[in-house]
Amino acid sequence: KEMSQTLKFIKRSYPKISAQEASQQKGFEVFKAKSAVICQELEDWYLTIRDVISFNAKAQAVLIAFCQQISKLRECNIHLMALFFELLAGYVKLQIAMQIVPHKERNIGAYIIAYENDQGKRDDNLPLVKRYMEEMMGNQDKAYEDRLWMTVTTLRHKCEAMVPIIRDSSKYLWNPIQRWAPATSMEKNRMFSILYDATKIVQPARTERYLELEFLNSFREWLQYALLVCPAALQEAEARSCLNKIISNYL
């Protein structure tokens, strides 16, 4: 409460972060006296943003390199496809999760000013943090839906080089999702037929079918996030059908 005016000013003046201007606000002396404590309380939070930035750079580089070296994931084995889509989905989900986190601008400004008061210098990574906030998070005063749309738009731009392989390889996900979407399909198709006919146990296993079931939940998630950053894939009627099935059955 004693620092509320200072914190309001820090949030209001972001992206400009000025310890000198903040020092003119009511409650700054209390803020300054508690700078070491504020740094300690906000350090993990601030370092998490830096970790996200570092992860983003490496994940995007790996995804683009993957697309350049493997032209058609659909023709590769399912494990390679899993590595690609799992990383892509993780990359997209992380940005959406960061958008949900409240008070980002205030906490960044408070940490930087407290850090400067305590250490006598600014964090060298601040320009990267501010750039990430501007590019991926946008104006935090806007409604969540507007901020989320900006994040999605930015992700689509950053994933442009991946569109051909995302569009082509996501087709591999259609059949399993369509085949196993309704809960009744597992019983109707008697996937576990050895429970009904013991002679089935000696027949060769269909490895592809078992892999479909193993990755089925992931298939749904991968397709959702792939279509989010690659809307061009929705030009395919079957892609739209799969998405509708996921929404109606699992969301």
# chains A, B, ... in the order shown; residues from 1 in each chain; ligands from 1
$ closest_atom_pairs --of "range 33-108 of chain A" --to "range 112-134 of chain A" --cutoff "9 Å" --atoms "only C-alpha atoms" --output "CSV"
residue,atom,partner,partner_atom,distance
A:Ala33,CA,A:Asn117,CA,9.0
A:Lys34,CA,A:Ala114,CA,8.0
A:Ser35,CA,A:Ala114,CA,4.5
A:Ala36,CA,A:Asp118,CA,5.8
A:Val37,CA,A:Ala114,CA,8.7
A:Ile38,CA,A:Ala114,CA,6.4
A:Cys39,CA,A:Tyr115,CA,5.9
A:Tyr46,CA,A:Val129,CA,8.9
A:Ile49,CA,A:Val129,CA,7.1
A:Arg50,CA,A:Val129,CA,6.7
A:Ile53,CA,A:Tyr132,CA,7.1
A:Lys104,CA,A:Met133,CA,8.6
A:Glu105,CA,A:Met133,CA,8.3
A:Asn107,CA,A:Ile112,CA,8.5
A:Ile108,CA,A:Ile112,CA,6.2
$ closest_residue --among "A:Phe55, A:Leu88, A:Pro231, A:Ile177" --to "Asn244 in chain A" --atoms "only C-alpha atoms"
A:Ile177
$ residues_around --residues "range 92-97 of chain A" --least-positions-apart "2" --cutoff "8 Å" --atoms "only C-alpha atoms" --output "CSV table (one decimal) with N, CA, C and O atoms, in the first residue's frame"
chain,number,residue,atom,x,y,z
A,52,VAL,N,12.1,-17.9,-21.3
A,52,VAL,CA,11.1,-18.1,-22.4
A,52,VAL,C,11.7,-17.5,-23.7
A,52,VAL,O,11.6,-18.1,-24.8
A,88,LEU,N,6.6,-27.7,-31.7
A,88,LEU,CA,5.8,-26.6,-32.2
A,88,LEU,C,4.7,-26.3,-31.3
A,88,LEU,O,4.4,-25.1,-30.9
A,89,ALA,N,4.0,-27.3,-30.8
A,89,ALA,CA,2.9,-27.1,-29.9
A,89,ALA,C,3.4,-26.5,-28.6
A,89,ALA,O,2.7,-25.6,-28.0
A,90,GLY,N,4.5,-26.9,-28.1
A,90,GLY,CA,5.1,-26.4,-26.8
A,90,GLY,C,5.4,-24.9,-27.0
A,90,GLY,O,5.2,-24.1,-26.1
A,99,GLN,N,0.9,-14.9,-22.1
A,99,GLN,CA,-0.1,-13.8,-22.2
A,99,GLN,C,-1.1,-13.8,-21.1
A,99,GLN,O,-1.6,-12.7,-20.7
A,100,ILE,N,-1.4,-15.0,-20.5
A,100,ILE,CA,-2.3,-15.0,-19.4
A,100,ILE,C,-1.7,-14.4,-18.1
A,100,ILE,O,-2.5,-13.9,-17.2
A,101,VAL,N,-0.4,-14.5,-17.9
A,101,VAL,CA,0.2,-14.0,-16.7
A,101,VAL,C,-0.1,-12.5,-16.5
A,101,VAL,O,0.1,-11.7,-17.4
A,136,MET,N,5.5,-9.9,-28.9
A,136,MET,CA,4.7,-11.1,-28.6
A,136,MET,C,3.5,-10.8,-27.6
A,136,MET,O,2.4,-11.5,-27.7
A,148,LEU,N,-4.4,-11.7,-27.1
A,148,LEU,CA,-4.2,-13.1,-27.6
A,148,LEU,C,-4.1,-13.1,-29.1
A,148,LEU,O,-3.3,-13.8,-29.7
A,151,THR,N,-0.8,-12.1,-30.2
A,151,THR,CA,0.2,-13.2,-30.0
A,151,THR,C,0.1,-14.2,-31.2
A,151,THR,O,1.1,-14.6,-31.7
A,155,LEU,N,2.9,-15.2,-33.9
A,155,LEU,CA,3.3,-16.6,-34.1
A,155,LEU,C,3.2,-17.0,-35.5
A,155,LEU,O,4.1,-17.7,-36.1
A,225,TYR,N,-2.9,-26.7,-32.5
A,225,TYR,CA,-1.9,-25.7,-32.5
A,225,TYR,C,-1.3,-25.5,-33.9
A,225,TYR,O,-0.9,-24.4,-34.3
$ closest_residue --among "A:Asp51, A:Lys158, A:Trp45, A:Gly109" --to "Leu63 in chain A" --atoms "only C-alpha atoms"
A:Lys158
$ residues_around --residues "Cys230 in chain A" --least-positions-apart "6" --cutoff "12 Å" --atoms "only C-alpha atoms" --output "ChimeraX atom specification"
/A:88-89,92,152-170,222-224,236,239
$ residues_around --residues "range 173-176 of chain A" --least-positions-apart "4" --cutoff "9 Å" --atoms "only C-alpha atoms" --output "mmCIF file with N, CA and C atoms, in the first residue's frame"
data_model
loop_
_atom_site.group_PDB
_atom_site.id
_atom_site.type_symbol
_atom_site.label_atom_id
_atom_site.label_comp_id
_atom_site.auth_asym_id
_atom_site.auth_seq_id
_atom_site.Cartn_x
_atom_site.Cartn_y
_atom_site.Cartn_z
ATOM 1 N N SER A 169 2.327 -32.119 -43.453
ATOM 2 C CA SER A 169 2.462 -33.166 -42.448
ATOM 3 C C SER A 169 1.253 -33.282 -41.542
ATOM 4 N N TRP A 180 -10.702 -42.428 -34.610
ATOM 5 C CA TRP A 180 -10.872 -42.721 -33.194
ATOM 6 C C TRP A 180 -11.592 -41.615 -32.426
ATOM 7 N N ALA A 181 -12.135 -40.640 -33.124
ATOM 8 C CA ALA A 181 -12.757 -39.514 -32.427
ATOM 9 C C ALA A 181 -13.924 -39.923 -31.532
ATOM 10 N N ARG A 209 -1.247 -49.046 -36.081
ATOM 11 C CA ARG A 209 -2.487 -48.816 -35.352
ATOM 12 C C ARG A 209 -2.224 -48.579 -33.873
ATOM 13 N N GLU A 212 -0.897 -45.139 -33.429
ATOM 14 C CA GLU A 212 -1.980 -44.158 -33.518
ATOM 15 C C GLU A 212 -2.650 -43.970 -32.160
ATOM 16 N N LEU A 213 -2.931 -45.080 -31.495
ATOM 17 C CA LEU A 213 -3.576 -44.996 -30.188
ATOM 18 C C LEU A 213 -2.647 -44.381 -29.146
ATOM 19 N N LEU A 216 -2.644 -40.655 -29.868
ATOM 20 C CA LEU A 216 -3.922 -40.066 -30.259
ATOM 21 C C LEU A 216 -4.200 -38.726 -29.572
ATOM 22 N N PHE A 219 -2.060 -36.184 -31.067
ATOM 23 C CA PHE A 219 -2.485 -35.822 -32.418
ATOM 24 C C PHE A 219 -3.484 -34.661 -32.365
ATOM 25 N N ARG A 220 -4.452 -34.777 -31.474
ATOM 26 C CA ARG A 220 -5.483 -33.743 -31.373
ATOM 27 C C ARG A 220 -4.869 -32.406 -30.999
ATOM 28 N N TRP A 222 -1.684 -31.478 -31.301
ATOM 29 C CA TRP A 222 -0.782 -31.006 -32.353
ATOM 30 C C TRP A 222 -1.568 -30.334 -33.471
ATOM 31 N N LEU A 223 -2.692 -30.940 -33.870
ATOM 32 C CA LEU A 223 -3.460 -30.382 -34.974
ATOM 33 C C LEU A 223 -4.049 -29.025 -34.602
ATOM 34 N N GLU A 238 -11.053 -31.647 -45.013
ATOM 35 C CA GLU A 238 -10.863 -32.668 -43.980
ATOM 36 C C GLU A 238 -10.215 -32.072 -42.738
ATOM 37 N N ALA A 239 -9.374 -31.057 -42.925
ATOM 38 C CA ALA A 239 -8.776 -30.382 -41.772
ATOM 39 C C ALA A 239 -9.852 -29.689 -40.957
ATOM 40 N N SER A 241 -12.978 -30.527 -40.882
ATOM 41 C CA SER A 241 -13.787 -31.590 -40.276
ATOM 42 C C SER A 241 -13.130 -32.117 -39.004
ATOM 43 N N CYS A 242 -11.809 -32.319 -39.062
ATOM 44 C CA CYS A 242 -11.075 -32.805 -37.883
ATOM 45 C C CYS A 242 -11.142 -31.811 -36.743
#
$ atom_distance --atom1 "CA of Ala61 in chain A" --atom2 "CA of Met98 in chain A"
20.2 Å
